[in-house]
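Novice: As input, take start_6.cif (mmCIF, C-alpha atoms):
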data_my_file
#
loop_
_atom_site.label_atom_id
_atom_site.label_comp_id
_atom_site.auth_asym_id
_atom_site.auth_seq_id
_atom_site.Cartn_x
_atom_site.Cartn_y
_atom_site.Cartn_z
CA MET A 65 -34.01 -79.24 -231.95
CA GLY A 66 -37.28 -77.82 -233.28
CA MET A 67 -40.58 -78.40 -231.49
CA GLU A 68 -41.88 -80.76 -234.16
CA LYS A 69 -38.69 -82.83 -234.23
CA ARG A 70 -38.75 -83.00 -230.42
CA ALA A 71 -42.31 -84.34 -230.41
CA TYR A 72 -41.55 -86.75 -233.23
CA MET A 73 -38.42 -88.07 -231.56
CA ALA A 74 -40.29 -88.59 -228.29
CA TYR A 75 -42.87 -90.63 -230.22
CA HIS A 76 -40.18 -92.85 -231.73
CA GLY A 77 -37.97 -92.92 -228.63
CA ASP A 78 -39.82 -95.97 -227.29
CA GLY A 79 -37.40 -98.52 -228.78
CA LEU A 80 -40.20 -100.53 -230.39
CA VAL A 81 -38.88 -100.18 -233.91
CA ASP A 82 -35.41 -101.18 -232.67
CA LEU A 83 -36.88 -104.27 -231.01
CA ALA A 84 -38.82 -105.27 -234.12
CA LEU A 85 -35.83 -104.90 -236.46
CA GLY A 86 -33.40 -106.44 -233.97
CA LEU A 87 -35.66 -109.46 -233.45
CA VAL A 88 -35.98 -110.08 -237.20
CA ILE A 89 -32.18 -110.11 -237.52
CA LEU A 90 -31.62 -112.10 -234.32
CA LEU A 91 -34.21 -114.71 -235.28
CA PHE A 92 -32.67 -114.96 -238.73
CA GLY A 93 -29.28 -115.63 -237.12
CA LEU A 94 -30.75 -118.17 -234.70
CA GLY A 95 -32.57 -119.78 -237.62
CA MET A 96 -29.22 -120.13 -239.41
CA GLN A 97 -27.62 -121.54 -236.27
CA TYR A 98 -30.33 -124.11 -235.48
CA ASP A 99 -31.52 -124.69 -239.03
CA GLN A 100 -34.97 -123.18 -238.39
CA THR A 101 -35.20 -120.97 -241.45
CA LEU A 102 -38.89 -120.11 -241.00
CA LEU A 103 -38.40 -118.25 -237.70
CA ALA A 104 -37.41 -114.87 -239.15
CA PRO A 105 -39.88 -114.77 -242.10
CA ILE A 106 -42.79 -115.65 -239.77
CA PHE A 107 -41.78 -112.94 -237.29
CA GLY A 108 -41.06 -110.52 -240.16
CA ALA A 109 -44.61 -111.04 -241.45
CA VAL A 110 -46.22 -110.26 -238.10
CA ALA A 111 -43.69 -107.60 -237.00
CA TYR A 112 -45.52 -104.64 -238.58
CA PRO A 113 -49.02 -105.34 -237.17
CA VAL A 114 -47.46 -106.21 -233.78
CA TRP A 115 -45.51 -102.95 -233.88
CA LEU A 116 -48.69 -100.97 -234.65
CA VAL A 117 -50.56 -102.58 -231.74
CA ALA A 118 -47.59 -102.08 -229.38
CA LYS A 119 -47.39 -98.43 -230.46
CA GLN A 120 -51.04 -98.00 -229.46
CA LYS A 121 -50.87 -100.01 -226.22
CA ILE A 122 -47.49 -98.80 -224.96
CA THR A 123 -46.52 -95.52 -226.64
CA GLU A 124 -49.87 -93.76 -227.05
CA ARG A 125 -51.10 -94.86 -223.63
CA ARG A 126 -48.08 -93.29 -221.99
CA LEU A 127 -46.96 -90.45 -224.24
CA GLY A 128 -50.39 -89.56 -225.55
CA TYR A 129 -51.94 -89.47 -228.99
CA VAL A 130 -50.59 -87.14 -231.66
CA GLU A 131 -51.30 -86.57 -235.33
CA PHE A 132 -48.24 -85.17 -237.04
CA SER A 133 -48.35 -82.52 -239.75
CA ASP A 134 -49.23 -83.35 -243.36
CA ARG A 135 -45.62 -82.59 -244.34
CA ARG A 136 -44.38 -85.24 -241.91
CA LYS A 137 -47.03 -87.72 -243.09
CA ARG A 138 -45.98 -87.17 -246.72
CA LYS A 139 -42.35 -87.74 -245.77
CA GLU A 140 -43.24 -90.99 -243.96
CA LYS A 141 -45.34 -92.13 -246.93
CA ARG A 142 -42.45 -91.46 -249.33
CA GLY A 143 -40.16 -93.46 -247.04
CA MET A 144 -42.61 -96.37 -246.86
CA ILE A 145 -42.92 -96.40 -250.66
CA SER A 146 -39.10 -96.50 -250.98
CA LEU A 147 -39.06 -99.35 -248.45
CA PHE A 148 -41.67 -101.23 -250.48
CA VAL A 149 -39.74 -100.66 -253.72
CA LEU A 150 -36.55 -101.84 -252.02
CA GLY A 151 -38.34 -104.93 -250.70
CA CYS A 152 -39.58 -105.71 -254.22
CA LEU A 153 -36.06 -105.23 -255.63
CA ILE A 154 -34.63 -107.61 -253.01
CA CYS A 155 -37.31 -110.18 -253.87
CA LEU A 156 -36.55 -109.82 -257.59
CA MET A 157 -32.84 -110.19 -256.84
CA GLY A 158 -33.60 -113.35 -254.83
CA ILE A 159 -35.69 -114.76 -257.69
CA ALA A 160 -32.95 -113.90 -260.21
CA ILE A 161 -30.30 -115.62 -258.07
CA TYR A 162 -32.57 -118.64 -257.64
CA LEU A 163 -33.12 -118.86 -261.41
CA ILE A 164 -29.42 -118.55 -262.13
CA LEU A 165 -28.61 -121.23 -259.56
CA THR A 166 -31.20 -123.69 -260.80
CA ARG A 167 -30.01 -123.34 -264.41
CA GLY A 168 -26.63 -124.40 -263.27
CA GLU A 169 -24.88 -121.38 -264.85
CA SER A 170 -24.20 -120.32 -261.46
CA PRO A 171 -22.19 -117.91 -259.49
CA LYS A 172 -22.91 -120.50 -256.79
CA GLY A 173 -19.34 -120.47 -255.57
CA ILE A 174 -19.40 -116.71 -255.24
CA LEU A 175 -22.76 -116.87 -253.49
CA MET A 176 -21.62 -119.55 -251.06
CA GLU A 177 -18.45 -117.60 -250.45
CA SER A 178 -19.95 -114.12 -250.11
CA GLY A 179 -23.65 -114.85 -249.50
CA ILE A 180 -23.42 -113.73 -245.90
CA LEU A 181 -22.00 -110.37 -247.05
CA LEU A 182 -24.96 -109.94 -249.40
CA LEU A 183 -27.29 -110.79 -246.53
CA GLY A 184 -25.56 -108.25 -244.28
CA PHE A 185 -25.95 -105.53 -246.91
CA MET A 186 -29.60 -106.45 -247.39
CA PHE A 187 -30.28 -106.19 -243.66
CA GLY A 188 -28.31 -102.94 -243.55
CA LEU A 189 -30.35 -101.52 -246.43
CA MET A 190 -33.59 -102.63 -244.81
CA ILE A 191 -32.75 -100.94 -241.49
CA SER A 192 -31.54 -97.77 -243.21
CA SER A 193 -34.73 -97.60 -245.26
CA VAL A 194 -36.86 -97.84 -242.12
CA GLY A 195 -34.60 -95.16 -240.58
CA LEU A 196 -35.13 -92.97 -243.63
CA ALA A 197 -38.89 -93.57 -243.62
CA LEU A 198 -39.25 -92.70 -239.94
CA GLY A 199 -36.47 -90.09 -239.82
CA VAL A 200 -34.76 -91.92 -236.94
CA ILE A 201 -31.02 -91.44 -237.20
CA ARG A 202 -29.97 -94.22 -234.78
CA LEU A 203 -31.30 -96.79 -237.24
CA HIS A 204 -28.55 -95.79 -239.69
CA MET A 205 -26.05 -96.56 -236.93
CA TYR A 206 -27.59 -100.02 -236.56
CA SER A 207 -27.32 -100.46 -240.31
CA LEU A 208 -23.60 -99.69 -240.16
CA LEU A 209 -23.21 -102.03 -237.19
CA VAL A 210 -24.87 -104.91 -239.08
CA ILE A 211 -22.73 -104.41 -242.18
CA LEU A 212 -19.58 -104.03 -240.07
CA LEU A 213 -20.14 -107.12 -237.90
CA VAL A 214 -21.28 -109.32 -240.78
CA SER A 215 -18.22 -108.28 -242.83
CA LEU A 216 -15.94 -108.73 -239.83
CA GLY A 217 -17.38 -112.20 -239.21
CA HIS A 218 -16.90 -113.09 -242.86
CA PHE A 219 -13.29 -111.96 -243.06
CA LEU A 220 -12.34 -113.38 -239.64
CA ASN A 221 -13.99 -116.70 -240.50
CA TRP A 222 -16.50 -116.68 -237.64
CA PRO A 223 -19.31 -119.24 -237.91
CA LYS A 224 -21.70 -117.58 -240.41
CA SER A 225 -24.60 -117.18 -237.98
CA TYR A 226 -22.49 -115.30 -235.38
CA GLY A 227 -22.11 -112.29 -237.65
CA VAL A 228 -25.91 -112.04 -237.76
CA ILE A 229 -26.73 -113.01 -234.16
CA LEU A 230 -24.29 -110.46 -232.72
CA PRO A 231 -25.72 -107.28 -234.33
CA GLY A 232 -29.27 -108.63 -233.89
CA SER A 233 -28.69 -109.09 -230.14
CA THR A 234 -27.07 -105.65 -229.85
CA ILE A 235 -30.06 -103.97 -231.51
CA VAL A 236 -32.50 -105.93 -229.31
CA ILE A 237 -30.57 -104.87 -226.18
CA CYS A 238 -30.56 -101.20 -227.32
CA GLY A 239 -34.30 -101.41 -228.05
CA THR A 240 -35.02 -102.96 -224.64
CA LEU A 241 -33.00 -100.27 -222.86
CA LEU A 242 -34.84 -97.55 -224.80
CA LEU A 243 -38.18 -99.15 -223.95
CA ILE A 244 -37.33 -99.34 -220.23
CA THR A 245 -36.22 -95.68 -220.26
CA PHE A 246 -39.40 -94.70 -222.10
CA ILE A 247 -41.66 -96.60 -219.68
CA ARG A 248 -39.92 -95.00 -216.70
CA ARG A 249 -40.07 -91.53 -218.22
CA TYR A 250 -43.73 -91.75 -219.19
CA PRO A 251 -45.72 -93.69 -216.58
CA ILE A 252 -49.38 -94.43 -217.28
CA ALA A 253 -51.59 -91.65 -216.00
CA ASP A 254 -53.52 -92.64 -212.84
CA ASP A 255 -56.96 -91.75 -214.09
CA GLY A 256 -56.57 -92.90 -217.66
CA GLU A 257 -56.70 -90.13 -220.17
CA GLY A 258 -57.25 -87.17 -217.93
CA SER A 259 -59.64 -85.57 -220.37
CA GLU A 260 -62.34 -84.96 -217.82
CA SER A 261 -60.42 -82.06 -216.39
CA VAL A 262 -60.57 -80.02 -219.60
CA MET B 173 -50.00 -54.99 -240.46
CA ILE B 174 -48.98 -58.12 -238.60
CA GLY B 175 -50.28 -61.70 -238.65
CA GLY B 176 -52.66 -61.16 -235.76
CA GLY B 177 -54.47 -58.45 -237.67
CA ARG B 178 -53.39 -55.58 -235.43
CA LYS B 179 -51.24 -52.77 -236.83
CA MET B 180 -47.62 -52.47 -235.73
CA ASP B 181 -47.10 -49.19 -233.87
CA LYS B 182 -44.12 -46.93 -234.50
CA ASP B 183 -43.77 -46.47 -230.77
CA PRO B 184 -41.96 -49.56 -229.39
CA MET B 185 -43.71 -49.19 -226.03
CA GLN B 186 -47.10 -49.39 -227.70
CA ASN B 187 -45.99 -52.53 -229.49
CA ILE B 188 -45.14 -54.16 -226.17
CA ALA B 189 -48.50 -53.05 -224.79
CA GLY B 190 -50.17 -54.61 -227.83
CA ILE B 191 -48.79 -58.09 -227.17
CA ASP B 192 -51.54 -60.73 -227.05
CA ARG B 193 -51.85 -61.58 -223.36
CA THR B 194 -53.68 -64.82 -224.03
CA ILE B 195 -50.58 -66.16 -225.75
CA HIS B 196 -48.00 -64.37 -223.65
CA SER B 197 -48.31 -66.65 -220.60
CA PRO B 198 -45.52 -69.31 -220.64
CA ALA B 199 -47.99 -72.18 -220.12
CA ARG B 200 -50.25 -71.13 -223.00
CA LEU B 201 -47.27 -70.32 -225.22
CA MET B 202 -45.91 -73.84 -224.59
CA ILE B 203 -49.24 -75.38 -225.54
CA LEU B 204 -49.56 -73.31 -228.71
CA SER B 205 -45.94 -74.00 -229.68
CA CYS B 206 -46.71 -77.72 -229.50
CA LEU B 207 -49.98 -77.45 -231.38
CA VAL B 208 -48.57 -75.26 -234.14
CA VAL B 209 -46.23 -78.07 -235.30
CA VAL B 210 -48.68 -81.00 -235.17
CA SER B 211 -52.13 -81.50 -236.68
CA ALA B 212 -53.71 -82.58 -233.40
CA ALA B 213 -52.71 -83.91 -230.00
CA ASP B 214 -54.51 -85.28 -226.98
CA PHE B 215 -54.39 -84.06 -223.39
CA THR B 216 -51.76 -86.64 -222.30
CA PHE B 217 -49.43 -85.73 -225.15
CA LEU B 218 -49.59 -82.03 -224.28
CA LEU B 219 -49.09 -82.91 -220.63
CA ASN B 220 -45.89 -84.79 -221.43
CA GLN B 221 -44.56 -82.30 -223.92
CA THR B 222 -45.13 -79.18 -221.85
CA GLY B 223 -44.41 -80.60 -218.38
CA LEU B 224 -47.38 -78.67 -216.96
CA THR B 225 -49.56 -80.05 -214.21
CA ARG B 226 -52.99 -81.42 -215.12
CA GLY B 227 -54.73 -78.50 -213.48
CA ASN B 228 -52.56 -75.88 -215.13
CA LEU B 229 -52.89 -77.50 -218.54
CA SER B 230 -56.63 -77.80 -218.13
CA ILE B 231 -57.07 -74.14 -217.14
CA SER B 232 -54.74 -72.93 -219.91
CA LEU B 233 -56.59 -74.99 -222.52
CA GLY B 234 -59.86 -73.58 -221.28
CA LYS B 235 -58.58 -70.02 -221.77
CA LEU B 236 -57.25 -70.81 -225.23
CA GLU B 237 -60.57 -72.38 -226.21
CA GLU B 238 -62.43 -69.36 -224.87
CA ALA B 239 -60.26 -67.11 -227.05
CA GLY B 240 -61.05 -69.35 -230.03
CA TYR B 241 -57.40 -70.33 -230.50
CA VAL B 242 -57.91 -74.07 -230.01
CA ASN B 243 -60.66 -76.51 -230.73
CA ILE B 244 -61.23 -79.21 -228.10
CA LYS B 245 -63.12 -82.29 -229.14
CA LYS B 246 -63.95 -85.16 -226.80
CA GLU B 247 -64.32 -88.58 -228.35
CA PHE B 248 -64.23 -92.26 -227.48
CA VAL B 249 -61.70 -94.58 -229.11
CA ASN B 250 -62.05 -98.27 -228.20
CA LYS B 251 -64.32 -97.23 -225.31
CA MET B 252 -61.54 -95.01 -223.94
CA PRO B 253 -62.08 -91.24 -223.67
CA ARG B 254 -59.79 -89.04 -225.69
CA THR B 255 -59.65 -85.26 -225.78
CA LEU B 256 -58.29 -84.14 -229.12
CA ILE B 257 -56.97 -80.61 -229.31
CA ARG B 258 -56.34 -78.71 -232.53
CA LEU B 259 -55.13 -75.22 -233.28
CA THR B 260 -57.79 -73.15 -235.08
CA ALA B 261 -57.10 -70.81 -238.00
CA LYS B 262 -57.63 -67.91 -235.61
CA GLY B 263 -55.08 -69.41 -233.21
CA ARG B 264 -52.53 -69.90 -235.98
CA LYS B 265 -52.97 -66.31 -237.10
CA ALA B 266 -52.68 -65.07 -233.52
CA ILE B 267 -49.45 -66.94 -232.83
CA GLN B 268 -48.01 -65.69 -236.11
CA GLY B 269 -48.84 -62.14 -235.09
CA TYR B 270 -47.40 -62.69 -231.63
CA ARG B 271 -44.17 -64.02 -233.14
CA GLU B 272 -43.81 -61.02 -235.45
CA ARG B 273 -44.53 -58.55 -232.67
CA MET B 274 -42.07 -60.21 -230.27
CA GLN B 275 -39.45 -60.32 -233.02
CA TRP B 276 -39.96 -56.62 -233.59
CA VAL B 277 -39.62 -55.89 -229.87
CA ILE B 278 -36.48 -58.05 -229.50
CA ASP B 279 -34.88 -56.51 -232.60
CA GLY B 280 -35.53 -53.10 -231.09
CA LEU B 281 -33.56 -53.91 -227.94
CA ASP B 282 -30.23 -52.15 -227.93
CA SER B 283 -27.75 -55.02 -227.59
CA ASP B 284 -24.91 -52.64 -226.63
CA ALA B 285 -26.92 -51.38 -223.67
CA LEU B 286 -27.35 -54.96 -222.42
CA LYS B 287 -23.61 -55.60 -222.19
#
How would this structure read if it were set down as structure tokens?

Specialist:
Amino acid sequence: MGMEKRAYMAYHGDGLVDLALGLVILLFGLGMQYDQTLLAPIFGAVAYPVWLVAKQKITERRLGYVEFSDRRKRKEKRGMISLFVLGCLICLMGIAIYLILTRGESPKGILMESGILLLGFMFGLMISSVGLALGVIRLHMYSLLVILLVSLGHFLNWPKSYGVILPGSTIVICGTLLLITFIRRYPIADDGEGSESV
Amino acid sequence: MIGGGRKMDKDPMQNIAGIDRTIHSPARLMILSCLVVVSAADFTFLLNQTGLTRGNLSISLGKLEEAGYVNIKKEFVNKMPRTLIRLTAKGRKAIQGYRERMQWVIDGLDSDALK
């Protein structure tokens, strides 16, 4: 592994992105289970600012502050733009489906039958896009896990929410374990920043 | 001519003698290797990445700053002190020259004789 990749991976090895994504999926599943559909969108809306603050308070305080190269920043920016475009496409798709359904011309049966599969693919795409934007390979594994478990749940006739809760919980557990490892590996320096010694 | 500005000598021994001693110490080489791949980093980040002690990192950074290879800027962010360290153009050129010179020296080693 190159020096830059090593530094970058250490910066994203805190499990915070895993926790954020896992919680969105888990809350969505719990929302389906307990009919509280606003849980996931509300958390989804605050997830990014919360993640930024957590990055500053947990990661930078322990690992230190770093500005990555312009090449890396450009790559991240491209990834974020793709994520935004994907988000817009998903919204448009949602609006299109809503319009079709309300006109009564509907593939409603298909949607009711395979809606959970669509949802699984959407979550998978979302996680993979974040993985692509940040260059974190394990996120693609989560994406596969979501698609696999949602599909498995669909074909094995599990209650619909289980196929979402299960991968969401797995990702949250992985994120928590990564965070604990990170906190143990990088304890907070005794005298704050340590800059006085330079 | 090599990156550092010094001419490469035909005599391999002279090339070894010409190696930049400021960079050649493992601690300083670790610091520069980190800084060459990022735009800037603070003291804590370098501490974690290199595994050096605070004292060693501090002394090594001082020597690199003295040589003009790094720029150390102290600032306050949210009332917290932060020491931001950047590689200078001179430092980048020096590490490039060091790399080329070391490559030349390593390439000149007779691999058969090492077996």

Novice: Expressed in Å to a single decimal, how great is the separation between CA of Lys246 in chain B and CA of Arg126 in chain A?

Specialist: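 According to the coordinates, CA of Lys246 in chain B and CA of Arg126 in chain A are separated by 18.5 Å.
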
Novice: Can you turn the PyMOL selection byres ((chain B) within 9 of (chain A)) into a concrete residue list for this file, as a VMD selection string?

Specialist: chain B and resid 205 to 206 208 to 221 226 to 227 229 to 231 233 to 234 244 246 252 to 256

Novice: List the spatial neighbours of range 143-154 of chain A as a list in words - criterion: any atom at most 9 Å away, all atoms listed in the file, same-chain residues fewer than 6 positions off excluded.

Specialist: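 Listing them by chain and then by number gives Met186, Leu189, Met190, Ser193, Val194, Gly195, Leu196, Ala197, Leu198 and Gly199 of chain A.
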
Novice: Can you tell me, as a ChimeraX atom specification, what residues are no more than 12 Å from Pro223 in chain A when counting all atoms listed in the file, ignoring any on the same chain fewer than 2 positions away?

Specialist: /A:93-94,96-97,180,214,216-221,225-230

Novice: To test your reading of the syntax: which residues would the PyMOL selection byres ((chain A and resi 187) around 10) return for the file shown? Reply as a PyMOL selection string.

Specialist: chain A and resi 85+88-89+181-186+188-193+206-208+210-211+214+228

Novice: Can you tell me how far CA of Lys137 in chain A sits from CA of Leu242 in chain A, in Å to one decimal?

Specialist: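 CA of Leu242 in chain A lies at a distance of 24.1 Å from CA of Lys137 in chain A.
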